[in-house]
$ cat upload33.txt   # compact mmCIF, C-alpha atoms
# COMPACT_ATOMS: atom_id res chain seq x y z
CA MET A 560 -58.91 102.64 -110.34
CA LYS A 561 -58.96 103.12 -114.09
CA GLU A 562 -55.89 104.88 -115.39
CA THR A 563 -56.46 107.97 -117.50
CA GLN A 564 -54.15 108.50 -120.46
CA TRP A 565 -53.08 112.11 -121.08
CA PRO A 566 -51.09 112.30 -124.30
CA GLY A 567 -48.10 114.59 -123.94
CA LEU A 568 -47.42 113.80 -120.29
CA SER A 569 -45.14 111.02 -119.16
CA GLN A 570 -46.98 108.04 -117.70
CA ARG A 571 -45.35 108.59 -114.31
CA LEU A 572 -46.42 112.25 -114.15
CA ALA A 573 -49.93 111.42 -115.40
CA ARG A 574 -50.33 108.78 -112.67
CA ARG A 575 -49.14 111.18 -109.98
CA ILE A 576 -51.53 113.92 -111.09
CA GLN A 577 -54.43 111.47 -111.27
CA ALA A 578 -53.67 110.18 -107.77
CA ILE A 579 -53.56 113.71 -106.33
CA GLU A 580 -56.82 114.57 -108.11
CA THR A 581 -58.45 111.51 -106.55
CA LEU A 582 -57.23 112.44 -103.06
CA THR A 583 -58.16 116.12 -103.28
CA GLY A 584 -61.31 115.96 -105.36
CA GLN A 585 -59.83 118.36 -107.93
CA THR A 586 -60.28 117.67 -111.64
CA ASN A 587 -57.99 120.14 -113.41
CA LEU A 588 -54.60 119.72 -111.76
CA ARG A 589 -53.05 119.05 -115.16
CA CYS A 590 -53.60 122.78 -115.78
CA GLY A 591 -50.76 123.38 -113.34
CA THR A 592 -48.43 121.70 -115.84
CA LEU A 593 -47.49 122.39 -119.45
CA TRP A 594 -49.68 119.50 -120.60
CA ALA A 595 -51.67 121.53 -123.14
CA VAL A 596 -48.56 122.33 -125.24
CA SER A 597 -46.42 119.30 -124.41
CA ARG A 598 -47.02 117.63 -127.77
CA ALA A 599 -46.57 120.81 -129.82
CA THR A 600 -43.11 121.80 -128.55
CA ASN A 601 -40.13 120.11 -126.93
CA LEU A 602 -40.06 121.96 -123.62
CA HIS A 603 -36.85 120.30 -122.40
CA GLY A 604 -34.56 121.73 -125.07
CA VAL A 605 -31.98 120.01 -127.21
CA SER A 606 -29.38 119.22 -124.56
CA GLN A 607 -30.38 117.84 -121.18
CA LEU A 608 -28.26 120.21 -119.15
CA ASN A 609 -28.57 120.05 -115.38
CA LEU A 610 -29.41 123.73 -115.11
CA PRO A 611 -30.04 125.33 -111.70
CA ARG A 612 -33.51 126.54 -110.81
CA ARG A 613 -34.47 130.20 -111.01
CA TRP A 614 -36.68 132.39 -108.87
CA CYS A 615 -37.79 135.97 -108.28
CA PRO A 616 -36.02 137.33 -105.17
CA VAL A 617 -38.84 139.81 -104.48
CA CYS A 618 -41.47 137.04 -104.58
CA TYR A 619 -39.44 134.99 -102.11
CA ALA A 620 -39.00 138.03 -99.85
CA GLU A 621 -42.75 138.71 -99.77
CA GLN A 622 -43.80 135.10 -99.18
CA SER A 623 -44.37 133.55 -95.79
CA ALA A 624 -44.04 129.88 -94.94
CA ALA A 625 -47.81 129.50 -95.26
CA SER A 626 -48.06 131.28 -98.62
CA ALA A 627 -44.91 129.91 -100.27
CA ALA A 628 -45.46 129.06 -103.93
CA GLU A 629 -43.48 128.95 -107.18
CA PRO A 630 -45.23 129.90 -110.43
CA LEU A 631 -45.00 127.46 -113.31
CA VAL A 632 -43.63 130.22 -115.52
CA TRP A 633 -40.34 130.23 -113.54
CA SER A 634 -39.53 126.83 -115.06
CA MET A 635 -39.40 128.35 -118.57
CA ARG A 636 -35.69 128.97 -119.09
CA VAL A 637 -36.07 131.71 -121.71
CA LEU A 638 -38.21 133.90 -119.43
CA GLN A 639 -36.05 136.73 -118.12
CA THR A 640 -38.19 138.74 -115.71
CA CYS A 641 -40.80 138.12 -113.01
CA THR A 642 -44.32 138.57 -114.32
CA VAL A 643 -45.38 140.28 -111.06
CA HIS A 644 -42.47 142.52 -110.06
CA GLY A 645 -40.59 142.92 -113.34
CA CYS A 646 -37.20 142.16 -111.77
CA ALA A 647 -34.74 139.73 -113.32
CA LEU A 648 -35.02 136.07 -112.36
CA VAL A 649 -31.87 134.82 -110.59
CA ASP A 650 -30.29 131.40 -110.20
CA THR A 651 -27.63 131.94 -107.51
CA CYS A 652 -27.62 132.87 -103.83
CA GLY A 653 -27.05 136.57 -103.22
CA ALA A 654 -24.79 135.84 -100.23
CA CYS A 655 -22.47 133.04 -101.38
CA GLY A 656 -23.20 132.82 -105.12
CA SER A 657 -24.15 129.12 -105.01
CA ALA A 658 -26.57 127.65 -107.54
CA GLN A 659 -29.63 125.97 -106.06
CA PRO A 660 -30.84 122.44 -106.90
CA ASP A 661 -34.13 122.08 -108.68
CA LYS A 662 -35.42 119.34 -106.39
CA GLY A 663 -36.38 119.66 -102.75
CA PRO A 664 -39.33 120.40 -100.47
CA LEU A 665 -41.03 123.77 -100.88
CA SER A 666 -40.44 124.59 -97.20
CA THR A 667 -36.65 124.76 -97.73
CA ARG A 668 -36.44 126.31 -101.18
CA ARG A 669 -36.47 129.92 -99.95
CA HIS A 670 -33.10 129.49 -98.21
CA CYS A 671 -29.70 128.66 -99.67
CA ARG A 672 -28.76 125.00 -99.43
CA LYS A 673 -25.12 125.93 -98.78
CA CYS A 674 -25.08 128.96 -96.45
CA CYS A 675 -28.77 128.99 -95.34
CA ALA A 676 -29.11 132.69 -96.26
CA PRO A 677 -32.57 133.85 -97.44
CA LEU A 678 -32.99 133.74 -101.20
CA GLY A 679 -35.35 136.70 -101.13
CA TRP A 680 -34.26 140.33 -101.29
CA ASN A 681 -35.31 143.64 -102.80
CA ALA A 682 -34.45 143.99 -106.48
CA ARG A 683 -35.08 146.80 -108.92
CA PRO A 684 -37.26 146.25 -112.01
CA ALA A 685 -35.37 145.13 -115.11
CA ARG A 686 -38.02 145.49 -117.79
CA ASP A 687 -36.94 149.01 -118.73
CA GLU A 688 -33.48 147.67 -119.57
CA GLN A 689 -34.84 144.99 -121.89
CA SER A 690 -35.03 145.40 -125.64
CA PRO A 691 -38.47 145.26 -127.32
CA LEU A 692 -37.69 141.75 -128.57
CA GLU A 693 -36.79 140.52 -125.09
CA ARG A 694 -40.01 141.96 -123.71
CA TRP A 695 -41.90 140.24 -126.53
CA ILE A 696 -40.31 136.90 -125.64
CA ASP A 697 -41.36 137.26 -122.00
CA THR A 698 -44.90 138.03 -123.16
CA GLN A 699 -44.96 134.95 -125.40
CA ILE A 700 -43.88 132.71 -122.51
CA VAL A 701 -46.66 134.10 -120.33
CA MET A 702 -49.20 133.46 -123.10
CA ILE A 703 -48.05 129.83 -123.37
CA VAL A 704 -48.49 129.29 -119.63
CA GLN A 705 -51.86 131.06 -119.64
CA TYR A 706 -53.05 128.74 -122.39
CA CYS A 707 -52.01 125.73 -120.32
CA ALA A 708 -53.74 127.12 -117.21
CA ASP A 709 -57.19 127.34 -118.86
CA PRO A 710 -59.04 124.01 -118.48
CA GLN A 711 -61.18 124.90 -121.50
CA ASN A 712 -58.20 124.84 -123.86
CA PRO A 713 -57.56 121.53 -125.64
CA LEU A 714 -54.28 119.67 -126.01
CA LEU A 715 -52.50 121.16 -129.03
CA PRO A 716 -51.77 118.69 -131.86
CA ALA A 717 -48.21 117.66 -132.58
CA ASN A 718 -48.28 118.71 -136.23
CA GLY A 719 -48.95 122.46 -135.85
CA PHE A 720 -45.34 123.48 -136.45
CA HIS A 721 -45.07 121.13 -139.44
CA ARG A 722 -48.20 122.66 -140.97
CA PHE A 723 -46.73 126.13 -140.46
CA CYS A 724 -43.45 125.22 -142.20
CA THR A 725 -45.30 123.50 -145.05
CA ALA A 726 -47.43 126.61 -145.66
CA LEU A 727 -44.35 128.83 -145.40
CA ARG A 728 -42.73 127.14 -148.40
CA ARG A 729 -45.15 129.04 -150.62
CA PHE A 730 -43.30 132.26 -149.68
CA PRO A 731 -39.65 131.85 -150.83
CA GLU A 732 -38.38 135.10 -149.25
CA ARG A 733 -39.68 134.15 -145.82
CA TRP A 734 -38.82 130.45 -146.23
CA GLN A 735 -35.14 131.33 -146.59
CA GLN A 736 -35.20 133.01 -143.17
CA LEU A 737 -35.86 129.74 -141.35
CA PRO A 738 -32.95 128.11 -139.47
CA THR A 739 -30.90 125.88 -141.74
CA SER A 740 -31.75 122.68 -139.89
CA LEU A 741 -35.50 123.23 -140.42
CA ARG A 742 -35.20 123.82 -144.16
CA THR A 743 -32.91 120.80 -144.50
CA VAL A 744 -35.39 118.49 -142.78
CA MET A 745 -38.33 119.80 -144.79
CA CYS A 746 -36.47 119.41 -148.08
CA THR A 747 -35.13 115.92 -147.42
CA ARG A 748 -38.27 114.47 -145.80
CA PRO A 749 -41.17 116.65 -146.96
CA ARG A 750 -43.84 114.03 -146.20
CA CYS A 751 -42.66 113.24 -142.68
CA THR A 752 -44.09 115.20 -139.77
CA LEU A 753 -41.45 117.27 -137.99
CA LYS A 754 -40.64 116.42 -134.43
CA PRO A 755 -41.81 119.11 -131.98
CA PRO A 756 -39.32 122.00 -132.03
CA VAL A 757 -37.47 123.15 -128.95
CA LEU A 758 -38.94 126.30 -127.43
CA GLU A 759 -36.02 128.49 -128.48
CA VAL A 760 -36.48 127.52 -132.14
CA LEU A 761 -40.22 128.11 -131.89
CA LEU A 762 -39.69 131.62 -130.50
CA GLU A 763 -37.08 132.46 -133.11
CA VAL A 764 -39.26 131.33 -135.99
CA ALA A 765 -42.28 133.20 -134.62
CA ALA A 766 -40.29 136.44 -134.27
CA ILE A 767 -38.76 136.23 -137.73
CA GLN A 768 -41.99 135.18 -139.45
CA HIS A 769 -44.13 138.01 -138.01
CA CYS A 770 -46.48 136.06 -135.76
CA GLY A 771 -47.08 135.09 -132.15
CA VAL A 772 -46.12 131.67 -130.79
CA MET A 773 -49.66 130.61 -129.89
CA ASP A 774 -50.93 131.82 -133.28
CA LEU A 775 -48.25 129.69 -134.93
CA LEU A 776 -49.33 126.58 -133.03
CA THR A 777 -53.12 127.04 -133.06
CA GLU A 778 -53.67 128.61 -136.51
CA PRO A 779 -50.51 127.84 -138.52
CA GLU A 780 -51.91 128.50 -142.00
CA TRP A 781 -53.23 131.92 -140.95
CA ALA A 782 -50.04 132.81 -139.02
CA VAL A 783 -47.92 132.47 -142.17
CA GLN A 784 -49.59 135.51 -143.71
CA ALA A 785 -50.40 137.50 -140.55
CA PRO A 786 -48.75 140.91 -139.89
CA LEU A 787 -46.52 141.15 -136.84
CA TRP A 788 -48.48 142.29 -133.76
CA ALA A 789 -51.12 144.18 -135.71
CA GLU A 790 -53.12 144.78 -132.52
CA GLY A 791 -52.55 145.16 -128.81
CA PRO A 792 -50.10 147.12 -126.66
CA LEU A 793 -47.01 145.49 -128.20
CA ALA A 794 -47.94 146.83 -131.63
CA ARG A 795 -47.10 150.39 -130.53
CA GLU A 796 -43.57 149.67 -129.31
CA SER A 797 -42.55 146.40 -130.99
CA THR A 798 -42.83 147.09 -134.70
CA HIS A 799 -41.10 144.86 -137.20
CA ALA A 800 -38.61 147.60 -138.01
CA MET A 801 -37.53 147.76 -134.35
CA LEU A 802 -37.36 144.02 -133.76
CA ARG A 803 -35.82 142.63 -136.89
CA PRO A 804 -32.28 144.04 -136.43
CA GLU A 805 -32.21 142.67 -132.88
CA VAL A 806 -32.89 139.05 -133.82
CA PRO A 807 -29.25 138.18 -134.75
CA MET A 808 -27.93 139.90 -131.62
CA LEU A 809 -30.40 138.03 -129.43
CA ARG A 810 -29.45 134.75 -131.10
CA MET A 811 -25.82 135.42 -130.22
CA LYS A 812 -26.60 136.41 -126.62
CA ALA A 813 -28.80 133.35 -126.03
CA LEU A 814 -26.26 130.92 -127.49
CA LEU A 815 -23.27 132.36 -125.62
CA SER A 816 -25.20 132.33 -122.36
CA ARG A 817 -26.30 128.72 -122.86
CA LEU A 818 -22.80 127.52 -123.70
CA LEU A 819 -21.32 129.32 -120.69
CA ILE A 820 -23.93 127.91 -118.31
CA GLY A 821 -23.37 124.39 -119.57
CA ASN A 822 -19.62 124.69 -120.10
CA THR A 823 -18.96 121.39 -118.32
CA VAL A 824 -20.88 119.49 -121.01
CA SER A 825 -20.39 121.90 -123.93
CA TYR A 826 -17.31 122.87 -125.90
CA LEU A 827 -17.00 126.64 -126.26
CA PRO A 828 -16.28 127.17 -129.98
CA PRO A 829 -14.28 130.14 -131.29
CA LEU A 830 -16.28 133.33 -131.09
CA ALA A 831 -15.72 133.93 -134.82
CA THR A 832 -17.58 130.69 -135.59
CA ILE A 833 -20.68 131.92 -133.78
CA LEU A 834 -20.55 135.48 -135.10
CA ALA A 835 -20.29 134.25 -138.70
CA ARG A 836 -23.54 132.34 -138.30
CA VAL A 837 -25.48 135.30 -136.90
CA ASP A 838 -23.89 137.77 -139.35
CA ILE A 839 -22.45 140.04 -136.64
CA ASP A 840 -18.92 141.40 -136.55
CA LEU A 841 -16.82 141.44 -133.40
CA ASP A 842 -17.05 145.21 -132.88
CA GLN A 843 -20.87 145.07 -132.95
CA ALA A 844 -20.88 142.23 -130.43
CA LYS A 845 -18.49 144.05 -128.08
CA ASP A 846 -20.51 147.26 -128.28
CA SER A 847 -23.77 145.46 -127.39
CA TYR A 848 -22.53 142.96 -124.77
CA PRO A 849 -18.93 143.85 -123.76
CA GLU A 850 -18.92 141.88 -120.49
CA LEU A 851 -20.46 138.77 -122.05
CA ILE A 852 -17.96 138.80 -124.94
CA ALA A 853 -14.98 139.31 -122.63
CA HIS A 854 -16.17 136.53 -120.30
CA TYR A 855 -16.68 134.14 -123.22
CA GLN A 856 -13.26 134.82 -124.73
CA GLN A 857 -11.61 134.23 -121.35
CA ARG A 858 -13.45 130.94 -120.80
CA TYR A 859 -12.64 129.83 -124.35
CA ALA A 860 -8.90 130.33 -123.81
CA GLU A 861 -9.05 128.35 -120.55
CA GLN A 862 -10.20 125.17 -122.33
CA GLY A 863 -6.72 124.07 -123.38
CA THR A 864 -3.63 124.80 -125.42
CA SER A 865 -3.85 126.36 -128.86
CA ALA A 866 -3.22 122.96 -130.46
CA GLN A 867 -6.02 121.34 -128.45
CA LEU A 868 -8.43 124.17 -129.26
CA ARG A 869 -7.57 123.92 -132.95
CA ARG A 870 -8.32 120.18 -132.96
CA LEU A 871 -11.63 120.71 -131.15
CA SER A 872 -12.58 123.49 -133.56
CA ILE A 873 -11.99 121.26 -136.58
CA ALA A 874 -13.98 118.44 -134.94
CA LEU A 875 -16.86 120.88 -134.41
CA GLU A 876 -16.88 121.86 -138.09
CA ARG A 877 -16.99 118.17 -139.06
CA ALA A 878 -19.83 117.53 -136.60
CA LEU A 879 -21.83 120.37 -138.18
CA LEU A 880 -21.55 118.56 -141.52
CA SER A 881 -22.91 115.32 -140.08
CA PRO A 882 -26.49 114.59 -141.26
CA SER A 883 -27.04 112.53 -138.10
CA LEU A 884 -26.89 115.72 -136.04
CA THR A 885 -28.10 118.50 -138.32
CA ARG A 886 -30.94 116.90 -140.30
CA SER A 887 -33.17 116.38 -137.30
CA LEU A 888 -34.55 118.91 -134.84
CA VAL A 889 -34.01 116.52 -131.92
CA PRO A 890 -31.49 113.78 -132.87
CA THR A 891 -31.91 110.44 -131.15
CA PRO A 892 -29.36 109.50 -128.45
CA SER A 893 -28.07 106.67 -130.65
CA ARG A 894 -27.23 109.09 -133.47
CA VAL A 895 -25.46 111.44 -131.09
CA ALA A 896 -23.49 108.53 -129.65
CA GLN A 897 -22.49 107.44 -133.17
CA VAL A 898 -21.16 110.89 -134.08
CA ARG A 899 -19.38 111.11 -130.73
CA GLN A 900 -17.55 107.85 -131.35
CA GLN A 901 -16.60 108.92 -134.88
CA LEU A 902 -15.15 112.20 -133.67
CA ALA A 903 -13.22 110.54 -130.86
CA HIS A 904 -11.70 108.02 -133.26
CA THR A 905 -10.98 110.38 -136.17
CA TRP A 906 -9.57 113.31 -134.23
CA HIS A 907 -8.06 111.36 -131.32
CA LEU A 908 -10.28 113.04 -128.77
CA LYS A 909 -11.36 111.84 -125.39
CA VAL A 910 -14.92 110.55 -125.45
CA ALA A 911 -15.94 113.29 -123.01
CA ASP A 912 -14.46 115.99 -125.26
CA ALA A 913 -16.19 114.49 -128.31
CA GLY A 914 -19.47 114.59 -126.40
CA ARG A 915 -18.95 118.26 -125.57
CA VAL A 916 -18.32 118.99 -129.24
CA CYS A 917 -21.58 117.22 -130.18
CA THR A 918 -23.54 119.27 -127.65
CA SER A 919 -22.15 122.50 -129.09
CA ALA A 920 -22.78 121.34 -132.66
CA LEU A 921 -26.44 120.73 -131.81
CA ALA A 922 -26.76 124.29 -130.52
CA LEU A 923 -24.94 125.82 -133.49
CA SER A 924 -27.00 123.85 -136.02
CA ARG A 925 -30.05 125.87 -134.99
CA LEU A 926 -28.42 129.00 -136.43
CA PRO A 927 -28.35 129.86 -140.15
CA ALA A 928 -25.35 128.61 -142.11
CA PRO A 929 -22.60 131.23 -142.49
CA ARG A 930 -22.63 133.25 -145.68
CA ALA A 931 -20.21 132.19 -148.38

$ encode --input "upload33.txt" --output "structure tokens"
Amino acid sequence: MKETQWPGLSQRLARRIQAIETLTGQTNLRCGTLWAVSRATNLHGVSQLNLPRRWCPVCYAEQSAASAAEPLVWSMRVLQTCTVHGCALVDTCGACGSAQPDKGPLSTRRHCRKCCAPLGWNARPARDEQSPLERWIDTQIVMIVQYCADPQNPLLPANGFHRFCTALRRFPERWQQLPTSLRTVMCTRPRCTLKPPVLEVLLEVAAIQHCGVMDLLTEPEWAVQAPLWAEGPLARESTHAMLRPEVPMLRMKALLSRLLIGNTVSYLPPLATILARVDIDLDQAKDSYPELIAHYQQRYAEQGTSAQLRRLSIALERALLSPSLTRSLVPTPSRVAQVRQQLAHTWHLKVADAGRVCTSALALSRLPAPRA
């Protein structure tokens, strides 16, 4: 059997899909994956955290053993609500609070691996509690998956984001709004094609630069000059004036949540370090997300003594100055290992602690540099 090459998919996944297509007689099973955008964006994120799977409890409650299915869109970590029921996606058992592994047969995934309780229950819609920007992000994720599901849509090229950033340099006011790491890469290596951005960066750039994600990837030169949501239902509620002030707050919420979820492999930096990069003061943050801020401050204090936290904080600032980490959207493992060894040696850190600092520095480097 001749092996078909599908750029953007790993060879192992491409072989599995081809084998299933041969056995079932289907020809478009790749449309059940994110193949169509796999070259245009790094769908796995910067840090390979072993995050638990998520699901819609109402979907699980309504499914029977014969109709059990999990939509592809659930695998997109930035999606917040179910596209069918509008309730928040969850990642822990409602009975015992245990996280659920991502691997396992479909027949057992609707029950908790620890206490065997059903993972489906009635939940109220959460869309009304979302901000316009959060609703926009959910819509963008659905559009990405819908593009992948259409067999008529081609594989997106890998240079769409690079073309967008190159065209954006003609508009200095909007160019300065890009994350610092992007502008640094474009200025130091203007002729080199950017590596595919992580999905969070792609969404942030699209929101700030007044365009949709798929417009950015499919028509980058046009998207640079396009008005934000000029048509469609989102145009009535998600104007630029409503969304723009929420971007820094959403940056903060997303970063704090990611660091807390992956706290075993990430160092939680001082809250002031994060707030300075998103240009938010502490009172604003507490007013918007009081429980999240209180939880983060508690977890930060639990990391060690004041002397240990001070040493880790200084190591983080040095890591943020390292070109090996900050001048590339997705640094190679060898570069990360090099910085980790340097931090461990210079600041007398354990290798594990130095690795946690590097993971946090990668996440922080996606934010703008703090104002002088």

$ closest_residue --input "upload33.txt" --among "A:Leu815, A:Cys751, A:Ile700, A:Cys770" --to "Ala844 in chain A" --atoms "only C-alpha atoms"
A:Leu815

$ atom_distance --input "upload33.txt" --atom1 "CA of His854 in chain A" --atom2 "CA of Leu809 in chain A"
17.0 Å

$ atom_distance --input "upload33.txt" --atom1 "CA of Val704 in chain A" --atom2 "CA of Gln736 in chain A"
27.3 Å

$ atom_distance --input "upload33.txt" --atom1 "CA of Leu665 in chain A" --atom2 "CA of Ala627 in chain A"
7.3 Å

$ closest_atom_pairs --input "upload33.txt" --of "range 602-652 of chain A" --to "range 576-595 of chain A" --cutoff "10 Å" --atoms "all atoms listed in the file" --output "CSV"
residue,atom,partner,partner_atom,distance
A:Leu602,CA,A:Leu593,CA,8.5
A:Pro630,CA,A:Gly591,CA,9.0
A:Leu631,CA,A:Gly591,CA,7.1
A:Val632,CA,A:Leu593,CA,9.6

$ closest_residue --input "upload33.txt" --among "A:Val916, A:Leu762, A:Ile852, A:Ala682" --to "Ser816 in chain A" --atoms "only C-alpha atoms"
A:Ile852
